[in-house]
>>> print(open('my_file_23.txt').read())   # compact mmCIF, C-alpha atoms
# COMPACT_ATOMS: atom_id res chain seq x y z
CA MET A 16 12.59 29.79 22.94
CA ASN A 17 10.86 32.05 20.42
CA GLU A 18 10.31 31.39 16.75
CA THR A 19 13.50 33.11 15.53
CA ASP A 20 15.58 30.96 17.85
CA ILE A 21 13.92 27.81 16.47
CA THR A 22 14.47 28.98 12.90
CA GLN A 23 18.14 29.71 13.62
CA LEU A 24 18.53 26.36 15.31
CA TRP A 25 17.01 24.60 12.28
CA VAL A 26 19.27 26.52 9.89
CA TYR A 27 22.26 25.39 11.97
CA LEU A 28 21.10 21.78 12.28
CA SER A 29 19.95 21.31 8.69
CA ALA A 30 23.46 22.16 7.47
CA LYS A 31 24.86 19.19 9.43
CA PRO A 32 25.04 15.79 7.67
CA LEU A 33 23.97 14.21 10.96
CA THR A 34 20.49 15.69 10.58
CA GLY A 35 19.75 14.23 7.14
CA LEU A 36 21.08 10.85 8.23
CA THR A 37 19.07 10.84 11.46
CA ILE A 38 15.86 11.93 9.72
CA THR A 39 16.26 9.09 7.19
CA LEU A 40 16.65 6.40 9.86
CA VAL A 41 13.89 7.76 12.12
CA ALA A 42 11.43 8.10 9.23
CA TYR A 43 12.16 4.54 8.08
CA ALA A 44 11.83 3.23 11.65
CA ILE A 45 8.39 4.86 11.86
CA GLY A 46 7.44 3.39 8.46
CA PHE A 47 8.63 -0.08 9.46
CA TRP A 48 6.75 0.13 12.77
CA LEU A 49 3.51 1.03 10.93
CA TYR A 50 4.12 -1.77 8.43
CA GLN A 51 4.36 -4.32 11.25
CA LYS A 52 1.34 -2.79 13.04
CA SER A 53 -0.70 -3.23 9.84
CA ASP A 54 0.17 -6.97 9.82
CA ARG A 55 2.66 -6.44 6.98
CA ASN A 56 0.08 -5.07 4.59
CA PRO A 57 1.99 -4.22 1.37
CA ILE A 58 0.04 -0.96 1.10
CA CYS A 59 1.77 0.25 4.31
CA ASN A 60 5.15 0.11 2.59
CA PRO A 61 7.87 1.44 4.95
CA VAL A 62 9.76 3.07 2.06
CA VAL A 63 6.69 4.98 0.90
CA ILE A 64 5.90 6.13 4.43
CA ALA A 65 9.50 7.25 5.04
CA ILE A 66 9.66 9.13 1.73
CA ALA A 67 6.35 10.86 2.39
CA LEU A 68 7.38 11.90 5.93
CA ILE A 69 10.74 13.29 4.82
CA ALA A 70 9.30 15.04 1.75
CA LEU A 71 6.71 16.67 4.00
CA LEU A 72 9.39 17.75 6.49
CA LEU A 73 11.54 19.27 3.72
CA LYS A 74 8.51 21.11 2.35
CA VAL A 75 7.40 22.46 5.73
CA THR A 76 10.90 23.63 6.70
CA GLY A 77 11.79 24.84 3.19
CA THR A 78 14.95 22.70 3.18
CA PRO A 79 16.42 21.97 -0.28
CA TYR A 80 16.84 18.33 -1.29
CA ALA A 81 20.59 18.85 -1.76
CA THR A 82 20.98 19.88 1.90
CA TYR A 83 19.08 16.77 3.04
CA PHE A 84 21.11 14.54 0.74
CA GLU A 85 24.40 15.64 2.33
CA GLY A 86 23.43 13.51 5.30
CA ALA A 87 21.33 10.91 3.50
CA GLN A 88 24.16 10.08 1.10
CA PHE A 89 25.70 7.81 3.74
CA VAL A 90 22.64 5.55 3.49
CA HIS A 91 22.45 5.98 -0.29
CA PHE A 92 26.09 4.90 -0.63
CA LEU A 93 25.26 1.45 0.77
CA LEU A 94 23.11 0.64 -2.30
CA GLY A 95 26.28 -0.26 -4.23
CA PRO A 96 27.68 -2.77 -1.71
CA ALA A 97 24.14 -4.16 -1.15
CA THR A 98 23.80 -4.83 -4.89
CA VAL A 99 27.10 -6.76 -4.82
CA ALA A 100 25.82 -8.65 -1.75
CA LEU A 101 22.85 -9.96 -3.82
CA ALA A 102 25.36 -12.53 -5.08
CA VAL A 103 24.93 -14.42 -1.78
CA PRO A 104 21.14 -15.14 -1.96
CA LEU A 105 21.61 -15.85 -5.67
CA PHE A 106 24.33 -18.38 -4.81
CA ARG A 107 21.91 -20.12 -2.41
CA GLN A 108 19.67 -20.84 -5.43
CA THR A 109 22.47 -22.53 -7.39
CA GLU A 110 20.81 -25.98 -7.17
CA THR A 111 17.48 -24.69 -8.53
CA LEU A 112 19.37 -22.84 -11.21
CA LYS A 113 21.27 -25.93 -12.36
CA ARG A 114 18.11 -28.05 -12.58
CA ALA A 115 16.27 -25.80 -15.04
CA LEU A 116 18.87 -23.39 -16.37
CA PRO A 117 17.64 -22.95 -19.99
CA VAL A 118 14.00 -22.46 -18.94
CA ILE A 119 14.96 -19.99 -16.20
CA ALA A 120 17.30 -18.02 -18.46
CA PHE A 121 14.63 -17.81 -21.16
CA GLY A 122 11.97 -16.81 -18.64
CA VAL A 123 14.11 -14.00 -17.22
CA LEU A 124 15.01 -12.59 -20.63
CA PHE A 125 11.36 -12.80 -21.73
CA GLY A 126 10.05 -11.09 -18.57
CA SER A 127 12.74 -8.42 -18.67
CA LEU A 128 11.96 -7.54 -22.29
CA VAL A 129 8.16 -7.57 -21.84
CA ALA A 130 8.46 -5.34 -18.77
CA SER A 131 10.63 -2.69 -20.38
CA ALA A 132 9.24 -2.85 -23.94
CA SER A 133 5.60 -2.63 -22.85
CA THR A 134 6.50 0.22 -20.49
CA VAL A 135 8.26 2.25 -23.15
CA ILE A 136 5.64 1.60 -25.86
CA LEU A 137 2.69 2.40 -23.59
CA ALA A 138 4.24 5.54 -22.11
CA TRP A 139 5.34 6.71 -25.56
CA ALA A 140 1.83 6.18 -26.98
CA LEU A 141 0.43 8.28 -24.14
CA GLY A 142 2.84 11.11 -24.93
CA ALA A 143 5.59 10.84 -22.31
CA SER A 144 8.69 13.00 -22.83
CA PRO A 145 11.95 11.26 -23.91
CA GLU A 146 13.51 11.74 -20.44
CA THR A 147 10.46 10.17 -18.82
CA LEU A 148 10.63 7.20 -21.23
CA ALA A 149 14.30 6.58 -20.40
CA SER A 150 13.54 6.94 -16.69
CA LEU A 151 10.70 4.39 -16.87
CA ALA A 152 12.41 1.75 -19.05
CA PRO A 153 14.36 -0.03 -16.25
CA LYS A 154 11.54 0.20 -13.67
CA SER A 155 11.31 -3.56 -12.95
CA VAL A 156 14.84 -3.98 -11.56
CA THR A 157 16.10 -3.08 -8.14
CA THR A 158 16.63 0.66 -7.55
CA PRO A 159 20.42 1.14 -7.63
CA VAL A 160 20.73 -0.79 -10.88
CA ALA A 161 17.68 0.88 -12.41
CA MET A 162 19.13 4.29 -11.52
CA GLY A 163 22.46 3.35 -13.09
CA ILE A 164 20.72 2.20 -16.29
CA ALA A 165 18.49 5.30 -16.43
CA GLU A 166 21.51 7.57 -16.09
CA ASN A 167 23.24 5.72 -18.92
CA ILE A 168 20.32 5.99 -21.37
CA GLY A 169 19.47 9.64 -20.63
CA GLY A 170 16.82 9.29 -17.93
CA VAL A 171 16.45 11.08 -14.62
CA PRO A 172 17.71 8.77 -11.82
CA ALA A 173 15.53 10.44 -9.15
CA LEU A 174 12.39 9.83 -11.23
CA THR A 175 13.50 6.24 -11.86
CA ALA A 176 13.88 5.62 -8.12
CA VAL A 177 10.32 6.76 -7.53
CA CYS A 178 8.96 4.64 -10.43
CA VAL A 179 10.89 1.54 -9.30
CA ILE A 180 9.44 1.73 -5.82
CA ALA A 181 5.93 2.31 -7.20
CA THR A 182 6.38 -0.69 -9.54
CA GLY A 183 7.28 -2.89 -6.57
CA ILE A 184 4.21 -1.82 -4.67
CA VAL A 185 1.86 -2.31 -7.65
CA GLY A 186 3.29 -5.80 -8.25
CA ALA A 187 3.13 -6.81 -4.59
CA THR A 188 -0.43 -5.60 -4.01
CA LEU A 189 -2.24 -6.24 -7.33
CA GLY A 190 0.00 -8.99 -8.76
CA PRO A 191 -1.33 -11.96 -6.75
CA MET A 192 -4.94 -10.90 -7.49
CA VAL A 193 -4.33 -10.71 -11.23
CA MET A 194 -2.52 -14.07 -11.25
CA ASN A 195 -5.47 -15.64 -9.43
CA MET A 196 -7.76 -14.25 -12.13
CA ALA A 197 -5.50 -15.82 -14.78
CA ARG A 198 -5.84 -19.16 -12.88
CA LEU A 199 -2.11 -19.48 -12.33
CA LYS A 200 -1.55 -22.09 -9.64
CA ASP A 201 2.12 -23.06 -9.84
CA TRP A 202 3.91 -21.38 -6.91
CA ARG A 203 7.21 -21.54 -8.77
CA ALA A 204 5.82 -19.66 -11.78
CA ARG A 205 3.98 -17.15 -9.58
CA GLY A 206 7.05 -16.38 -7.47
CA PHE A 207 9.29 -16.17 -10.51
CA ALA A 208 6.94 -13.65 -12.16
CA MET A 209 6.78 -11.55 -8.98
CA GLY A 210 10.57 -11.32 -8.88
CA VAL A 211 10.89 -10.44 -12.55
CA ALA A 212 8.18 -7.78 -12.60
CA SER A 213 8.47 -6.23 -9.15
CA HIS A 214 12.01 -6.90 -7.81
CA GLY A 215 12.71 -6.85 -4.05
CA ILE A 216 9.33 -5.57 -2.91
CA GLY A 217 7.60 -8.36 -4.90
CA THR A 218 10.06 -10.91 -3.52
CA ALA A 219 9.41 -9.85 0.07
CA ARG A 220 5.69 -10.36 -0.62
CA ALA A 221 6.21 -13.75 -2.32
CA PHE A 222 8.14 -15.04 0.72
CA GLN A 223 5.20 -14.14 2.97
CA VAL A 224 2.76 -16.14 0.86
CA ASN A 225 4.76 -19.29 0.11
CA GLU A 226 8.34 -20.47 0.66
CA THR A 227 8.72 -21.95 -2.86
CA ALA A 228 7.31 -18.77 -4.40
CA GLY A 229 9.80 -16.71 -2.37
CA ALA A 230 12.82 -18.74 -3.44
CA PHE A 231 11.86 -18.52 -7.11
CA SER A 232 11.12 -14.82 -6.75
CA GLY A 233 14.55 -14.12 -5.24
CA LEU A 234 16.21 -16.10 -8.00
CA ALA A 235 14.26 -14.27 -10.71
CA MET A 236 14.97 -10.87 -9.15
CA GLY A 237 18.72 -11.50 -9.03
CA LEU A 238 18.87 -12.81 -12.60
CA ASN A 239 16.61 -10.06 -13.91
CA THR A 240 18.96 -7.47 -12.41
CA LEU A 241 21.71 -8.98 -14.54
CA ALA A 242 19.58 -9.54 -17.66
CA THR A 243 18.21 -6.00 -17.68
CA ALA A 244 21.53 -4.33 -16.90
CA LEU A 245 23.20 -6.35 -19.63
CA THR A 246 20.51 -5.89 -22.34
CA ILE A 247 18.53 -2.63 -21.95
CA PRO A 248 21.41 -0.13 -22.31
CA PHE A 249 22.70 -1.88 -25.46
CA LEU A 250 19.19 -2.22 -26.96
CA TRP A 251 18.38 1.39 -26.11
CA HIS A 252 21.50 2.78 -27.76
CA TRP A 253 20.98 0.46 -30.74
CA ILE A 254 17.33 1.47 -31.28
CA PHE A 255 17.46 5.15 -30.38
CA GLY A 256 21.09 5.79 -31.36
CA MET B 27 33.21 -8.80 9.46
CA ILE B 28 35.65 -6.08 8.34
CA ALA B 29 37.28 -8.51 5.90
CA ALA B 30 33.85 -9.47 4.50
CA PHE B 31 32.85 -5.83 3.95
CA ALA B 32 36.26 -5.16 2.45
CA LEU B 33 35.75 -8.05 0.02
CA ILE B 34 32.32 -6.71 -1.02
CA LEU B 35 33.79 -3.23 -1.53
CA VAL B 36 36.72 -4.64 -3.52
CA CYS B 37 34.24 -6.41 -5.84
CA GLN B 38 32.31 -3.16 -6.28
CA LEU B 39 35.46 -1.11 -6.86
CA PHE B 40 36.63 -3.64 -9.44
CA GLY B 41 33.21 -3.38 -11.12
CA GLU B 42 33.31 0.42 -11.17
CA VAL B 43 36.84 0.41 -12.63
CA VAL B 44 35.94 -2.12 -15.35
CA SER B 45 32.71 -0.25 -16.17
CA GLU B 46 34.58 3.07 -16.43
CA LEU B 47 37.65 1.69 -18.22
CA PHE B 48 35.71 -0.06 -20.99
CA ASP B 49 32.94 2.55 -21.02
CA LEU B 50 30.31 -0.15 -20.34
CA PRO B 51 26.65 0.75 -19.86
CA VAL B 52 26.43 -1.89 -17.09
CA PRO B 53 26.59 -0.31 -13.60
CA GLY B 54 29.75 -1.14 -11.60
CA PRO B 55 27.92 -2.88 -8.72
CA VAL B 56 26.34 -5.36 -11.19
CA ILE B 57 29.80 -6.34 -12.45
CA GLY B 58 30.80 -6.64 -8.77
CA LEU B 59 27.78 -8.92 -8.21
CA VAL B 60 28.85 -11.21 -11.08
CA LEU B 61 32.42 -11.28 -9.78
CA LEU B 62 31.34 -12.22 -6.25
CA PHE B 63 28.89 -14.83 -7.60
CA LEU B 64 31.63 -16.44 -9.68
CA GLY B 65 33.91 -16.39 -6.64
CA LEU B 66 31.22 -18.16 -4.59
CA LEU B 67 30.73 -20.79 -7.31
CA ILE B 68 34.46 -21.53 -7.26
CA LYS B 69 34.79 -21.47 -3.45
CA ARG B 70 31.54 -23.45 -2.94
CA ASN B 71 31.44 -23.06 0.87
CA PRO B 72 31.41 -19.31 1.49
CA PRO B 73 32.71 -18.27 4.95
CA LYS B 74 29.92 -17.45 7.39
CA VAL B 75 31.27 -13.91 8.00
CA LEU B 76 30.71 -13.15 4.31
CA THR B 77 27.16 -14.51 4.17
CA ASP B 78 26.36 -12.74 7.46
CA ALA B 79 27.71 -9.42 6.13
CA ALA B 80 25.66 -9.82 2.93
CA ASP B 81 22.50 -10.79 4.84
CA ASN B 82 22.92 -7.79 7.16
CA LEU B 83 23.23 -5.44 4.19
CA LEU B 84 20.10 -6.95 2.63
CA ILE B 85 17.79 -7.25 5.68
CA HIS B 86 16.81 -3.61 5.38
CA PHE B 87 17.58 -3.32 1.68
CA SER B 88 14.52 -1.12 1.26
CA LEU B 89 15.87 1.50 3.74
CA LEU B 90 18.62 2.21 1.24
CA PHE B 91 16.02 3.35 -1.33
CA VAL B 92 14.76 6.18 0.87
CA PRO B 93 17.27 8.98 0.09
CA ALA B 94 16.85 8.46 -3.67
CA GLY B 95 13.08 8.21 -3.29
CA VAL B 96 12.92 11.54 -1.46
CA GLY B 97 14.28 12.93 -4.73
CA VAL B 98 10.64 12.86 -5.83
CA VAL B 99 10.44 16.39 -4.38
CA THR B 100 12.69 17.56 -7.22
CA GLN B 101 10.50 15.79 -9.82
CA ILE B 102 7.05 17.13 -8.98
CA ASP B 103 6.81 19.16 -12.22
CA ARG B 104 7.77 16.19 -14.38
CA LEU B 105 5.31 13.95 -12.56
CA LYS B 106 2.54 16.50 -13.07
CA GLY B 107 3.31 16.78 -16.79
CA ASP B 108 3.58 13.03 -17.47
CA TRP B 109 1.31 11.55 -14.81
CA LEU B 110 -0.90 9.56 -17.22
CA PRO B 111 1.86 7.71 -19.13
CA ILE B 112 3.73 7.10 -15.87
CA ALA B 113 0.70 5.73 -14.03
CA ALA B 114 -0.37 3.60 -17.02
CA ALA B 115 3.13 2.15 -17.48
CA LEU B 116 3.49 1.44 -13.78
CA ILE B 117 0.21 -0.43 -13.47
CA VAL B 118 -0.49 -1.98 -16.88
CA SER B 119 2.96 -3.08 -17.95
CA THR B 120 4.00 -4.33 -14.50
CA LEU B 121 0.95 -6.60 -14.32
CA LEU B 122 1.24 -7.58 -18.00
CA ALA B 123 4.89 -8.60 -17.57
CA MET B 124 3.98 -10.53 -14.42
CA VAL B 125 1.08 -12.51 -15.90
CA LEU B 126 2.84 -13.30 -19.19
CA THR B 127 6.01 -14.44 -17.36
CA ALA B 128 3.97 -16.60 -14.97
CA LEU B 129 2.03 -18.16 -17.90
CA LEU B 130 5.26 -18.91 -19.76
CA MET B 131 6.96 -20.41 -16.72
CA SER B 132 3.96 -22.57 -15.76
CA LYS B 133 4.10 -24.08 -19.28
CA LEU B 134 7.88 -24.53 -19.42
CA LEU B 135 8.90 -25.63 -15.91
CA PRO B 136 8.90 -29.37 -15.21
CA LYS B 137 5.59 -30.56 -13.73
CA ALA B 138 5.02 -29.22 -10.21
CA LYS B 139 5.59 -31.61 -7.30
CA PRO B 140 2.96 -31.81 -4.55
CA GLY B 141 3.10 -28.61 -2.50
CA GLU B 142 4.57 -26.56 -5.34
CA SER B 143 1.15 -25.67 -6.64
CA LEU B 144 -1.96 -23.97 -5.23
CA GLU B 145 -4.54 -26.70 -4.58
CA ASP B 146 -8.01 -26.53 -6.12
CA GLY B 147 -10.64 -25.00 -3.91
CA GLN B 148 -8.01 -23.24 -1.80
>>> encode(input="my_file_23.txt", output="structure tokens")
Amino acid sequence: MNETDITQLWVYLSAKPLTGLTITLVAYAIGFWLYQKSDRNPICNPVVIAIALIALLLKVTGTPYATYFEGAQFVHFLLGPATVALAVPLFRQTETLKRALPVIAFGVLFGSLVASASTVILAWALGASPETLASLAPKSVTTPVAMGIAENIGGVPALTAVCVIATGIVGATLGPMVMNMARLKDWRARGFAMGVASHGIGTARAFQVNETAGAFSGLAMGLNTLATALTIPFLWHWIFG
Amino acid sequence: MIAAFALILVCQLFGEVVSELFDLPVPGPVIGLVLLFLGLLIKRNPPKVLTDAADNLLIHFSLLFVPAGVGVVTQIDRLKGDWLPIAAALIVSTLLAMVLTALLMSKLLPKAKPGESLEDGQ
């Protein structure tokens, strides 16, 4: 097969949704394999590896993102149902919730506001454009919800997705170190803070370190999803009109 | 399994409709999450098919982020222009929010039972 044949074959294949879907699953499988090989080192994040591999492939083959997304949208679609499904792990924490409801509610609201307010103020002070500010504001909640919020307040959902994933990785890798420096010893508080500041990626990390930390992290992540989705859009429209 | 997925989709659809109808800034799936959570609180013992379906959707939750994340290729120019504020916000405010929340919670939560706290010298 000569080069023209291969090019023609790629042009044919890349127009099929099957290709984008297959590439997504294969790239993630490679990323997950490397993650396990590295003894679950949070730096070897399977999502980051998959994104990098696919981005490289698109660049090398000159395939537009829109063409890729025609296949990848089948995976993307599942974000909605998966967000609804978060109700189940949240329900498993009902007992914990009941025992300290006012403290937990206050903690989530506090963490949610600190995360988004400090993000917006810092990025604004350093000269970020308005679209970038709106894309960054919901960065501490899980991707589908963050993208929904960003879209609502005038951000760029694709940029938000990238920032959310980066936030998770920063929290999971540097978070425990910084909390050690601050002499924080309570696993419940540590896990809770991981969930609030770095959503699912932080929660996955918290579960690896300590069971109690993981449970509190999952609880905080679920509640923060709600708190941020219910407060940020209203605050944003109220402040910026 | 089909019934469980159907239930999850019905919750989401309801959320999307409510969000659209009342022009709410809250994404439809979040309203669906609240609806399902309330349903679970009322039902108390959720059927195993439902919890299994939810767990299966969430095991590889991070896979679902990949297609959106690849969208970074369309954002290279914006990232180049705003790299400093983006990097600073990602690192500084994520860690700030984490430490402040952990400090607050360690003061407010009832005293830790044995095993709930990192031991000295560990």
>>> interface_residues(input="my_file_23.txt", of="chain B", to="chain A", cutoff="6 Å", atoms="all atoms listed in the file", output="ChimeraX atom specification")
/B:51-53,55,58-59,63,80,83,90,92-97,108,111,115-116,119-120,123-124,127-128,131-132,142-144
>>> atom_distance(input="my_file_23.txt", atom1="atom CA of Lys69 of chain B", atom2="atom CA of Asp81 of chain B")
18.3 Å
>>> atom_distance(input="my_file_23.txt", atom1="atom CA of Ala30 of chain A", atom2="atom CA of Thr78 of chain A")
9.5 Å
>>> axis_aligned_box(input="my_file_23.txt", around="segment 66-77 of chain A", padding_each_side="6 Å", output="JSON")
{"center_x": 9.1, "center_y": 17.0, "center_z": 4.2, "size_x": 17.4, "size_y": 27.7, "size_z": 17.0}
>>> decode(input="my_file_23.txt", residues="segment 28-45 of chain B", atoms="C-alpha atoms", output="PDB file, in the first residue's frame")
ATOM      1  CA  ILE B  28     -32.468  -1.482  31.234  1.00  0.00           C
ATOM      2  CA  ALA B  29     -35.061  -0.233  33.735  1.00  0.00           C
ATOM      3  CA  ALA B  30     -32.291   1.269  35.907  1.00  0.00           C
ATOM      4  CA  PHE B  31     -30.720   3.122  32.968  1.00  0.00           C
ATOM      5  CA  ALA B  32     -34.171   4.233  31.874  1.00  0.00           C
ATOM      6  CA  LEU B  33     -34.806   5.640  35.364  1.00  0.00           C
ATOM      7  CA  ILE B  34     -31.502   7.548  35.308  1.00  0.00           C
ATOM      8  CA  LEU B  35     -32.315   8.945  31.852  1.00  0.00           C
ATOM      9  CA  VAL B  36     -35.835   9.908  32.950  1.00  0.00           C
ATOM     10  CA  CYS B  37     -34.335  11.867  35.884  1.00  0.00           C
ATOM     11  CA  GLN B  38     -31.945  13.621  33.509  1.00  0.00           C
ATOM     12  CA  LEU B  39     -34.661  14.367  30.961  1.00  0.00           C
ATOM     13  CA  PHE B  40     -36.862  15.776  33.715  1.00  0.00           C
ATOM     14  CA  GLY B  41     -33.915  17.938  34.845  1.00  0.00           C
ATOM     15  CA  GLU B  42     -33.261  19.203  31.319  1.00  0.00           C
ATOM     16  CA  VAL B  43     -36.953  20.043  30.813  1.00  0.00           C
ATOM     17  CA  VAL B  44     -37.205  21.888  34.155  1.00  0.00           C
ATOM     18  CA  SER B  45     -33.930  23.741  33.499  1.00  0.00           C
TER      19      SER B  45
END
